[in-house]
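Trainee: For reference, the file upload21.txt (compact mmCIF, C-alpha atoms) is included below:
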```
# COMPACT_ATOMS: atom_id res chain seq x y z
CA MET A 1 0.00 0.00 0.00
CA ASN A 2 1.15 3.48 -0.82
CA MET A 3 3.09 4.99 2.09
CA LEU A 4 1.63 8.44 1.56
CA ILE A 5 -1.94 7.14 1.82
CA MET A 6 -1.03 5.07 4.88
CA GLY A 7 0.45 8.19 6.48
CA LEU A 8 -2.71 10.16 5.81
CA LEU A 9 -4.99 7.41 7.17
CA THR A 10 -2.88 6.87 10.29
CA GLY A 11 -2.83 10.61 10.91
CA MET A 12 -6.60 10.80 10.51
CA LEU A 13 -7.16 8.08 13.11
CA PHE A 14 -4.73 9.74 15.50
CA GLY A 15 -6.20 13.20 14.90
CA PHE A 16 -9.71 11.87 15.51
CA LEU A 17 -8.66 10.39 18.86
CA LEU A 18 -6.68 13.51 19.84
CA GLN A 19 -9.71 15.71 19.22
CA LYS A 20 -12.09 13.30 20.98
CA ALA A 21 -9.95 13.47 24.12
CA ARG A 22 -9.64 17.28 23.74
CA VAL A 23 -5.86 16.93 23.86
CA VAL A 24 -5.24 19.37 21.01
CA ARG A 25 -6.43 22.45 22.89
CA TYR A 26 -4.25 25.23 24.29
CA ASP A 27 -6.15 25.13 27.59
CA LYS A 28 -5.38 21.41 27.99
CA GLN A 29 -1.72 21.68 27.04
CA ILE A 30 -1.01 24.70 29.22
CA GLY A 31 -3.37 23.31 31.87
CA ALA A 32 -1.00 20.36 32.30
CA LEU A 33 2.07 22.60 32.51
CA ARG A 34 0.27 24.61 35.22
CA PHE A 35 -0.76 21.42 37.06
CA GLN A 36 -4.45 22.21 36.66
CA ASP A 37 -5.66 19.60 34.20
CA MET A 38 -3.68 16.44 33.42
CA THR A 39 -5.73 15.33 30.38
CA ILE A 40 -2.76 15.36 28.01
CA VAL A 41 -0.57 13.42 30.44
CA LYS A 42 -3.29 10.79 30.87
CA PHE A 43 -3.65 10.47 27.09
CA MET A 44 0.08 10.33 26.48
CA PHE A 45 0.89 7.72 29.12
CA SER A 46 -2.11 5.57 28.15
CA ALA A 47 -0.81 5.52 24.58
CA ILE A 48 2.73 4.83 25.80
CA ILE A 49 1.91 1.84 28.01
CA VAL A 50 -0.33 0.19 25.40
CA GLY A 51 2.22 0.84 22.66
CA MET A 52 5.09 -0.30 24.86
CA VAL A 53 3.59 -3.72 25.58
CA GLY A 54 2.51 -4.25 21.97
CA ILE A 55 5.72 -3.13 20.29
CA HIS A 56 8.03 -5.10 22.59
CA PHE A 57 5.81 -8.16 22.30
CA LEU A 58 5.95 -7.98 18.48
CA GLU A 59 9.66 -7.25 18.53
CA PHE A 60 10.23 -10.29 20.73
CA PHE A 61 8.76 -12.41 17.94
CA GLY A 62 10.74 -10.53 15.30
CA LEU A 63 7.66 -9.00 13.69
CA VAL A 64 8.71 -5.38 14.03
CA GLN A 65 11.97 -3.48 14.19
CA LEU A 66 12.78 -0.90 16.83
CA LEU A 67 13.81 2.48 15.49
CA TYR A 68 14.83 4.89 18.21
CA LYS A 69 17.21 7.81 18.49
CA PRO A 70 20.67 7.87 20.04
CA VAL A 71 21.42 9.63 23.32
CA VAL A 72 23.21 12.89 22.65
CA LEU A 73 23.05 14.90 25.85
CA GLY A 74 23.89 18.25 24.21
CA GLU A 75 20.99 17.80 21.79
CA ASN A 76 18.45 16.09 24.03
CA ILE A 77 18.87 18.50 26.94
CA THR A 78 19.31 21.90 25.24
CA GLY A 79 16.86 21.03 22.48
CA GLY A 80 14.39 19.62 24.98
CA LEU A 81 14.56 22.73 27.15
CA LEU A 82 14.22 25.07 24.16
CA PHE A 83 11.27 23.12 22.84
CA GLY A 84 9.63 23.31 26.26
CA LEU A 85 10.10 27.08 26.48
CA GLY A 86 8.53 27.55 23.04
CA TRP A 87 5.75 25.09 23.87
CA GLY A 88 4.92 27.09 27.00
CA LEU A 89 4.44 30.19 24.82
CA LEU A 90 2.58 28.53 21.97
CA GLY A 91 0.52 25.93 23.83
CA TYR A 92 0.54 23.53 20.89
CA CYS A 93 2.85 20.67 19.82
CA PRO A 94 4.16 20.05 16.29
CA GLY A 95 1.94 17.00 15.92
CA THR A 96 -1.19 18.20 17.66
CA GLN A 97 -1.44 21.75 16.39
CA GLY A 98 -2.81 20.65 13.03
CA GLY A 99 -5.53 19.03 15.12
CA ALA A 100 -6.13 22.31 16.94
CA LEU A 101 -6.59 24.02 13.60
CA GLY A 102 -8.92 21.16 12.60
CA GLU A 103 -11.30 22.00 15.43
CA GLY A 104 -11.26 25.68 14.52
CA ARG A 105 -8.60 27.05 16.83
CA TRP A 106 -7.03 29.19 14.16
CA ASP A 107 -4.32 30.74 16.36
CA ALA A 108 -2.57 27.42 15.63
CA LEU A 109 -1.90 28.86 12.16
CA TRP A 110 0.58 31.29 13.72
CA GLY A 111 2.22 28.40 15.47
CA ILE A 112 2.48 26.44 12.22
CA LEU A 113 4.03 29.45 10.45
CA GLY A 114 6.42 29.93 13.36
CA MET A 115 7.42 26.27 13.23
CA VAL A 116 8.12 26.33 9.51
CA THR A 117 10.22 29.45 10.12
CA GLY A 118 11.99 27.77 13.03
CA ALA A 119 12.78 24.73 10.90
CA GLY A 120 14.24 26.96 8.17
CA LEU A 121 16.30 28.81 10.75
CA TYR A 122 17.59 25.51 12.07
CA ALA A 123 18.60 24.39 8.58
CA GLU A 124 20.52 27.66 8.15
CA THR A 125 22.38 27.34 11.45
CA TYR A 126 22.90 23.56 11.22
CA PRO A 127 26.48 23.72 9.86
CA PHE A 128 27.49 25.93 12.81
CA LEU A 129 25.60 23.82 15.38
CA LYS A 130 27.10 20.62 14.06
CA ASP A 131 30.59 21.80 14.93
CA ASN A 132 29.55 23.01 18.37
CA ILE A 133 26.77 21.65 20.59
CA LEU A 134 25.67 18.77 18.40
CA ASN A 135 27.27 15.50 19.29
CA TRP A 136 28.34 16.69 22.72
CA GLY A 137 27.76 13.84 25.17
CA ASN A 138 27.05 11.21 22.53
CA TYR A 139 26.31 7.89 24.23
CA GLY A 140 24.87 6.23 21.15
CA TYR A 141 21.86 3.95 21.01
CA LEU A 142 20.83 3.20 24.55
CA THR A 143 17.66 1.81 26.10
CA ILE A 144 16.53 2.02 29.71
CA PRO A 145 16.90 -1.77 30.24
CA GLN A 146 20.49 -1.57 28.94
CA LEU A 147 21.24 1.39 31.17
CA VAL A 148 19.84 -0.26 34.29
CA GLY A 149 21.10 -3.69 33.30
CA VAL A 150 17.87 -5.67 33.72
CA ASN A 151 15.44 -7.54 31.48
CA ARG A 152 13.18 -5.19 29.52
CA TRP A 153 9.99 -6.83 30.78
CA ILE A 154 10.93 -5.89 34.33
CA VAL A 155 11.34 -2.27 33.22
CA ILE A 156 7.99 -2.41 31.42
CA ILE A 157 6.17 -3.85 34.45
CA VAL A 158 7.70 -1.26 36.79
CA PHE A 159 6.90 1.51 34.31
CA ILE A 160 3.25 0.43 33.98
CA ALA A 161 2.88 0.17 37.76
CA GLY A 162 4.28 3.70 38.10
CA VAL A 163 1.93 5.07 35.45
CA LEU A 164 -1.11 3.41 37.06
CA ALA A 165 -0.14 4.87 40.44
CA LEU A 166 0.19 8.29 38.79
CA PHE A 167 -3.29 7.92 37.19
CA ARG A 168 -4.78 6.98 40.56
CA TRP A 169 -3.22 10.01 42.12
CA PHE A 170 -4.56 12.30 39.35
CA GLU A 171 -8.09 10.96 39.86
CA LYS A 172 -7.84 11.34 43.64
CA LYS A 173 -6.74 14.96 43.23
CA GLY A 174 -9.32 15.60 40.51
CA LEU A 175 -6.68 16.73 38.04
CA MET B 1 -13.71 20.02 37.05
CA ALA B 2 -17.29 20.89 36.19
CA GLN B 3 -16.35 21.88 32.67
CA LYS B 4 -15.42 18.33 31.78
CA ASN B 5 -18.88 16.99 32.50
CA THR B 6 -20.61 19.48 30.25
CA ASP B 7 -18.27 18.78 27.35
CA THR B 8 -20.52 16.38 25.43
CA GLY B 9 -19.01 14.12 22.81
CA SER B 10 -15.62 13.95 24.48
CA TRP B 11 -13.96 10.64 25.25
CA SER B 12 -11.94 9.69 28.30
CA PRO B 13 -8.27 10.47 27.68
CA TYR B 14 -7.44 6.99 29.00
CA ILE B 15 -9.60 5.32 26.34
CA ALA B 16 -8.57 7.63 23.48
CA GLY B 17 -4.92 7.39 24.53
CA GLY B 18 -5.05 3.60 24.77
CA LEU B 19 -6.64 3.40 21.32
CA SER B 20 -3.87 5.65 20.00
CA GLY B 21 -1.40 3.15 21.40
CA LEU B 22 -3.11 0.48 19.31
CA VAL B 23 -2.92 2.71 16.22
CA ILE B 24 0.83 3.06 16.82
CA ILE B 25 1.24 -0.73 17.10
CA VAL B 26 -0.66 -1.34 13.84
CA SER B 27 1.27 1.43 12.09
CA VAL B 28 4.63 -0.05 13.08
CA LEU B 29 3.49 -3.56 12.17
CA TRP B 30 2.15 -2.60 8.73
CA THR B 31 4.45 0.16 7.57
CA GLY B 32 7.32 0.19 10.07
CA GLN B 33 6.52 3.82 10.88
CA PHE B 34 6.72 5.17 14.41
CA PHE B 35 4.92 8.44 15.12
CA GLY B 36 6.80 11.71 14.69
CA ALA B 37 5.97 15.19 13.53
CA SER B 38 8.79 17.71 13.64
CA THR B 39 10.74 16.49 10.58
CA SER B 40 7.69 17.41 8.50
CA PHE B 41 8.24 21.07 9.32
CA VAL B 42 11.77 20.80 7.93
CA ARG B 43 10.44 19.32 4.69
CA SER B 44 7.73 22.01 4.56
CA ALA B 45 10.29 24.76 5.13
CA GLY B 46 12.42 23.25 2.37
CA MET B 47 9.50 23.11 -0.06
CA LEU B 48 8.55 26.69 0.73
CA GLY B 49 12.17 27.80 0.43
CA LYS B 50 12.48 26.03 -2.91
CA ALA B 51 9.71 28.24 -4.27
CA PHE B 52 11.69 31.38 -3.45
CA GLU B 53 15.36 30.45 -3.40
CA PRO B 54 15.87 27.04 -4.99
CA GLU B 55 19.67 27.44 -5.19
CA ARG B 56 20.00 28.19 -1.48
CA VAL B 57 17.86 25.20 -0.48
CA LYS B 58 19.92 22.89 -2.69
CA GLN B 59 23.10 23.94 -0.88
CA LEU B 60 21.88 23.53 2.69
CA GLU B 61 23.09 20.28 4.18
CA TYR B 62 20.04 19.89 6.39
CA PHE B 63 17.72 19.87 3.38
CA ILE B 64 19.89 17.24 1.77
CA ARG B 65 19.46 15.07 4.84
CA TYR B 66 15.72 15.75 4.92
CA LEU B 67 14.68 16.23 1.31
CA PRO B 68 11.92 18.79 0.72
CA GLN B 69 9.23 16.36 -0.42
CA PHE B 70 6.09 14.62 0.80
CA ASP B 71 6.63 11.47 2.83
CA TRP B 72 4.71 9.26 5.27
CA GLN B 73 5.20 11.61 8.18
CA LEU B 74 4.14 14.80 6.42
CA MET B 75 0.96 13.04 5.27
CA PHE B 76 0.51 11.83 8.86
CA VAL B 77 0.68 15.42 10.16
CA ILE B 78 -1.85 16.54 7.51
CA GLY B 79 -4.02 13.55 8.46
CA ILE B 80 -4.13 14.76 12.07
CA PHE B 81 -5.72 17.97 10.83
CA VAL B 82 -8.30 16.07 8.76
CA GLY B 83 -9.10 13.56 11.51
CA SER B 84 -9.57 16.29 14.09
CA LEU B 85 -11.77 18.27 11.71
CA ILE B 86 -14.00 15.23 11.17
CA ALA B 87 -14.25 14.50 14.90
CA ALA B 88 -14.93 18.15 15.74
CA VAL B 89 -17.64 18.68 13.12
CA TRP B 90 -19.22 15.31 13.78
CA SER B 91 -19.54 15.88 17.52
CA GLY B 92 -20.43 19.57 17.18
CA SER B 93 -17.36 20.78 19.06
CA PHE B 94 -15.88 22.68 16.12
CA LYS B 95 -15.39 26.29 17.21
CA TRP B 96 -13.78 29.09 15.24
CA GLN B 97 -11.59 30.71 17.87
CA GLY B 98 -8.38 32.75 17.55
CA VAL B 99 -7.68 33.32 21.25
CA PRO B 100 -7.79 30.39 23.71
CA ASP B 101 -10.03 30.84 26.79
CA MET B 102 -7.21 30.57 29.31
CA TRP B 103 -5.14 33.10 27.38
CA ALA B 104 -8.07 35.54 27.00
CA GLU B 105 -8.79 35.42 30.72
CA ARG B 106 -5.29 36.65 31.42
CA PHE B 107 -4.20 38.71 28.42
CA GLY B 108 -7.44 39.83 26.82
CA THR B 109 -9.08 38.91 23.53
CA SER B 110 -6.63 40.55 21.11
CA PRO B 111 -5.83 37.98 18.41
CA VAL B 112 -2.79 40.04 17.36
CA LYS B 113 -1.12 39.76 20.76
CA ARG B 114 -1.87 36.04 20.88
CA GLY B 115 -0.69 35.63 17.29
CA ILE B 116 2.69 37.26 17.90
CA VAL B 117 3.40 35.15 20.98
CA ALA B 118 2.23 31.98 19.22
CA PHE B 119 4.47 32.72 16.23
CA ILE B 120 7.55 33.33 18.41
CA GLY B 121 6.69 30.26 20.48
CA GLY B 122 6.48 28.21 17.30
CA ILE B 123 9.92 29.33 16.14
CA ILE B 124 11.55 28.50 19.49
CA ALA B 125 9.70 25.19 19.86
CA MET B 126 10.64 23.94 16.41
CA PHE B 127 14.26 25.05 16.69
CA GLY B 128 14.39 23.13 19.98
CA ALA B 129 12.64 20.09 18.54
CA ARG B 130 15.13 19.85 15.67
CA LEU B 131 18.02 20.32 18.08
CA ALA B 132 16.61 17.59 20.31
CA ASP B 133 15.99 15.49 17.18
CA GLY B 134 12.32 15.01 18.03
CA CYS B 135 9.14 16.38 19.57
CA PRO B 136 6.57 14.94 22.01
CA SER B 137 5.50 12.51 19.26
CA GLY B 138 8.92 11.28 18.18
CA HIS B 139 10.68 11.40 21.53
CA GLY B 140 7.67 11.37 23.84
CA LEU B 141 5.47 8.66 22.36
CA SER B 142 7.77 6.68 20.06
CA GLY B 143 10.91 7.04 22.18
CA MET B 144 9.22 6.14 25.45
CA ILE B 145 7.39 3.19 23.90
CA GLN B 146 10.75 1.75 22.84
CA LEU B 147 12.25 2.53 26.25
CA ALA B 148 14.84 4.78 24.61
CA VAL B 149 16.94 6.81 27.02
CA SER B 150 16.97 9.71 24.52
CA GLY B 151 13.15 9.79 24.62
CA LEU B 152 13.09 9.84 28.40
CA ILE B 153 15.64 12.68 28.67
CA ALA B 154 13.96 14.79 25.98
CA MET B 155 10.51 14.24 27.48
CA ILE B 156 11.67 15.34 30.93
CA PHE B 157 13.20 18.52 29.52
CA PHE B 158 10.16 19.26 27.34
CA PHE B 159 8.13 19.44 30.53
CA VAL B 160 10.82 21.29 32.51
CA GLY B 161 11.02 23.99 29.81
CA GLY B 162 7.24 24.13 29.49
CA ILE B 163 6.68 24.44 33.23
CA ILE B 164 9.31 27.21 33.48
CA MET B 165 7.72 29.18 30.63
CA THR B 166 4.14 28.87 31.90
CA ARG B 167 5.37 30.01 35.33
CA ILE B 168 6.77 33.12 33.64
CA VAL B 169 3.76 33.72 31.37
CA TYR B 170 1.14 33.17 34.08
CA PHE B 171 3.25 34.58 36.90
CA GLY B 172 1.24 35.51 39.97
CA GLY B 173 -1.98 34.34 38.39
CA LYS B 174 -4.66 32.60 40.34
CA LYS B 175 -4.24 28.88 40.66
```
Spit out the file's structure as structure tokens when you get a sec.

Mentor:
Amino acid sequence: MNMLIMGLLTGMLFGFLLQKARVVRYDKQIGALRFQDMTIVKFMFSAIIVGMVGIHFLEFFGLVQLLYKPVVLGENITGGLLFGLGWGLLGYCPGTQGGALGEGRWDALWGILGMVTGAGLYAETYPFLKDNILNWGNYGYLTIPQLVGVNRWIVIIVFIAGVLALFRWFEKKGL
Amino acid sequence: MAQKNTDTGSWSPYIAGGLSGLVIIVSVLWTGQFFGASTSFVRSAGMLGKAFEPERVKQLEYFIRYLPQFDWQLMFVIGIFVGSLIAAVWSGSFKWQGVPDMWAERFGTSPVKRGIVAFIGGIIAMFGARLADGCPSGHGLSGMIQLAVSGLIAMIFFFVGGIIMTRIVYFGGKK
């Protein structure tokens, strides 16, 4: 099947679910960062634990291939922080803001324009960045089970238990 | 919160998130594609740049790495818009709005003010996402699902940056 059509269909399913859970909204995104409404965190971790079990199960039987990114502290930390600062201003994510526009929140258009500009700016400064912060603290391809030195299913079970405890706490606090 | 109960047509974030996890599993199984979004803004910037300065775009190393063309992920990001639009119109929650409620309560209803901040936020967020080599989809969902250390680090700093910025933006505001 054509990859472009598959991409569109997968995006449509995801966008439908994002909108249904109201995750795409500014008020929900910023609400989580202000510890007022944890809807996006609930959505995200629910997707993560289901996906985690399924993907590792399929990988165990050799049906799928893992495809994750290497640890590069300079990139992950400075980039992560910068993204967070911009996210706190914009209130939308790269993936979800198209969904925000889809439900009529047209201020997402400014965010989309800003992101295209930001990507262009990054491409322009990439040669300079590459020689400086990029690649600083490169630890290569590393997973949490490798880092801790235990079987991945133990990590998955502990992770799920932690997430469920977090969910319980959210519900108790009415977040 | 009382608002949640009156929001008809919305689904529990646990259910919608869990279903999204299943969509991710099927996507990886069928097409080998994990979710991501921020690379699409690089390709979009490249395509836009090609319209104005084709020679410049051809020279930039970053656009050679990420060719300015449609691919699975860009269609996925467009699909999110379409899927959200369908869900919003279908459930009657589509609302043409240029200033989010939470923002308006604090900074007034000027769409210009909101637009400027959203645009700047978008630039910073995307620059950070490219530096981090991923956004909450690529690092957050896909990285965490695969138990990648890079995903965990990036995700933590996305939230740290976001919490810092919302503290600044909504400083002294009521809880």

Trainee: Using only C-alpha atoms, determine which residues lie at most 12 Å from Trp90 (chain B), disregarding the query and same-chain residues fewer than 3 positions distant; provide the list as a short mmCIF file (atom, residue, chain, number, x, y, z; two decimals) with C-alpha atoms, in the coordinates of the input.

Mentor:
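Output file out-v8.cif follows:
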```cif
data_model
loop_
_atom_site.label_atom_id
_atom_site.label_comp_id
_atom_site.auth_asym_id
_atom_site.auth_seq_id
_atom_site.Cartn_x
_atom_site.Cartn_y
_atom_site.Cartn_z
CA PHE A 16 -9.71 11.87 15.51
CA GLN A 19 -9.71 15.71 19.22
CA LYS A 20 -12.09 13.30 20.98
CA GLY A 102 -8.92 21.16 12.60
CA GLU A 103 -11.30 22.00 15.43
CA THR B 8 -20.52 16.38 25.43
CA GLY B 9 -19.01 14.12 22.81
CA SER B 10 -15.62 13.95 24.48
CA GLY B 83 -9.10 13.56 11.51
CA SER B 84 -9.57 16.29 14.09
CA LEU B 85 -11.77 18.27 11.71
CA ILE B 86 -14.00 15.23 11.17
CA ALA B 87 -14.25 14.50 14.90
CA SER B 93 -17.36 20.78 19.06
CA PHE B 94 -15.88 22.68 16.12
#
```

Trainee: Residues around (2.4, -10.0, 16.2), cut-off 8 Å, counting only C-alpha atoms - what are they as a PDB file with C-alpha atoms, in the frame of the given file?

Mentor:
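Generated output (out33.pdb):
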```pdb
ATOM      1  CA  PHE A  57       5.810  -8.160  22.300  1.00  0.00           C
ATOM      2  CA  LEU A  58       5.950  -7.980  18.480  1.00  0.00           C
ATOM      3  CA  PHE A  61       8.760 -12.410  17.940  1.00  0.00           C
ATOM      4  CA  LEU A  63       7.660  -9.000  13.690  1.00  0.00           C
TER       5      LEU A  63
ATOM      6  CA  LEU B  29       3.490  -3.560  12.170  1.00  0.00           C
TER       7      LEU B  29
END
```

Trainee: Could you tell me which of A:Phe43, A:Met52, A:Val148, A:Gly15 comes closest to Lys28 (chain A) if we count all atoms listed in the file?

Mentor: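 So, comparing all the options, the nearest one is A:Phe43.
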
Trainee: Neighbours of Thr143 (chain A) within 12 Å (all atoms listed in the file; same-chain residues fewer than 5 positions away dropped), as a ChimeraX atom specification?

Mentor: /A:66-71,148-152,155-156 /B:143-153

Trainee: Between A:Trp169, A:Ile154, A:Asn76, A:Ile160, which is the closest to Gly51 (chain A) once you count all atoms listed in the file?

Mentor: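 The answer is A:Ile160, which sits nearest to Gly51 (chain A).
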
Trainee: Would you pick out the contacts of region 25-28 of chain B at 8 Å or less, using all atoms listed in the file, so that residues sharing its chain but fewer than 2 positions from it are not included, and give the list as a list in words?

Mentor: Thr10, Gly51, Gly54, Ile55 and Val64 of chain A; Gly21, Leu22, Val23, Trp30, Thr31, Gly32, Gln33 and Phe34 of chain B

Trainee: Residues within 12 Å of region 128-140 of chain A, please, as a VMD selection string. Count only C-alpha atoms; anything in the same chain fewer than 5 positions from it doesn't count.

Mentor: (chain A and resid 68 to 79 121 to 123 146 to 147) or (chain B and resid 60 to 62 127 130 to 133 148 to 150)

Trainee: Would you mind telling me which residue in B:Val112, B:Ala118, B:Val57, B:Leu48 lies nearest to chain A when using all atoms listed in the file?

Mentor: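 The shortest atom-to-atom distance to chain A comes from B:Ala118.
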
Trainee: Expressed in Å to a single decimal, how great is the separation between CA of His139 (chain B) and CA of Gly36 (chain B)?

Mentor: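 Between CA of His139 (chain B) and CA of Gly36 (chain B) the gap works out to 7.9 Å.
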
Trainee: Between CA of Val24 (chain A) and CA of Lys172 (chain A), what distance in Å does the model show, to one decimal?

Mentor: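 Here the two named atoms are 24.2 Å from each other.
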
Trainee: Hey, what's within 9 Å of Val169 (chain B) if we count only C-alpha atoms and toss same-chain stuff fewer than 4 positions away? As a list of chain:residue names, please?

Mentor: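 So, after excluding close chain neighbours, the residues are A:Gly88, A:Leu89, B:Ile164, B:Met165.
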
Trainee: Select, from A:Thr125, A:Pro145, A:Val41, A:Arg25, the residue with the minimum atom-to-atom distance to Gly104 (chain A), counting all atoms listed in the file.

Mentor: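 The shortest atom-to-atom distance to Gly104 (chain A) comes from A:Arg25.
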
Trainee: For chain B, which of A:Tyr141, A:Phe83, A:Tyr92, A:Phe35 is the closest residue, counting all atoms listed in the file?

Mentor: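 For chain B, the nearest of the given residues is A:Phe83.
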
Trainee: Go through A:Ala32, A:Ala100, A:Val23, A:Leu90 and flag the residue nearest chain B, using only C-alpha atoms for the distances.

Mentor: A:Leu90

Trainee: Just give me the gap between CA of Ala51 (chain B) and CA of Leu9 (chain A) in Å, one decimal is fine.

Mentor: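 Computing it gives 27.9 Å between the two atoms.
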
Trainee: Can you put N, CA and C atoms back into region 98-112 of chain B and show it as a CSV table (one decimal), in the coordinates of the input?

Mentor:
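Now in part.csv:
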```
chain,number,residue,atom,x,y,z
B,98,GLY,N,-9.8,32.3,17.8
B,98,GLY,CA,-8.4,32.8,17.6
B,98,GLY,C,-7.6,33.1,18.8
B,99,VAL,N,-8.3,33.1,20.0
B,99,VAL,CA,-7.7,33.3,21.2
B,99,VAL,C,-8.2,32.3,22.2
B,100,PRO,N,-7.3,31.4,22.8
B,100,PRO,CA,-7.8,30.4,23.7
B,100,PRO,C,-8.4,31.0,25.0
B,101,ASP,N,-9.3,30.3,25.6
B,101,ASP,CA,-10.0,30.8,26.8
B,101,ASP,C,-9.1,31.2,27.9
B,102,MET,N,-8.1,30.3,28.2
B,102,MET,CA,-7.2,30.6,29.3
B,102,MET,C,-6.4,31.8,29.0
B,103,TRP,N,-5.9,31.9,27.8
B,103,TRP,CA,-5.1,33.1,27.4
B,103,TRP,C,-6.0,34.4,27.5
B,104,ALA,N,-7.2,34.4,27.0
B,104,ALA,CA,-8.1,35.5,27.0
B,104,ALA,C,-8.3,36.0,28.4
B,105,GLU,N,-8.5,35.1,29.3
B,105,GLU,CA,-8.8,35.4,30.7
B,105,GLU,C,-7.7,36.3,31.3
B,106,ARG,N,-6.4,36.0,30.8
B,106,ARG,CA,-5.3,36.6,31.4
B,106,ARG,C,-4.8,37.8,30.6
B,107,PHE,N,-4.8,37.7,29.3
B,107,PHE,CA,-4.2,38.7,28.4
B,107,PHE,C,-5.2,39.4,27.5
B,108,GLY,N,-6.5,39.2,27.7
B,108,GLY,CA,-7.4,39.8,26.8
B,108,GLY,C,-7.7,39.1,25.5
B,109,THR,N,-8.6,39.6,24.7
B,109,THR,CA,-9.1,38.9,23.5
B,109,THR,C,-8.4,39.4,22.2
B,110,SER,N,-7.3,40.1,22.3
B,110,SER,CA,-6.6,40.6,21.1
B,110,SER,C,-6.0,39.4,20.4
B,111,PRO,N,-6.5,39.1,19.2
B,111,PRO,CA,-5.8,38.0,18.4
B,111,PRO,C,-4.4,38.3,17.9
B,112,VAL,N,-4.1,39.6,17.8
B,112,VAL,CA,-2.8,40.0,17.4
B,112,VAL,C,-1.7,39.7,18.4
```
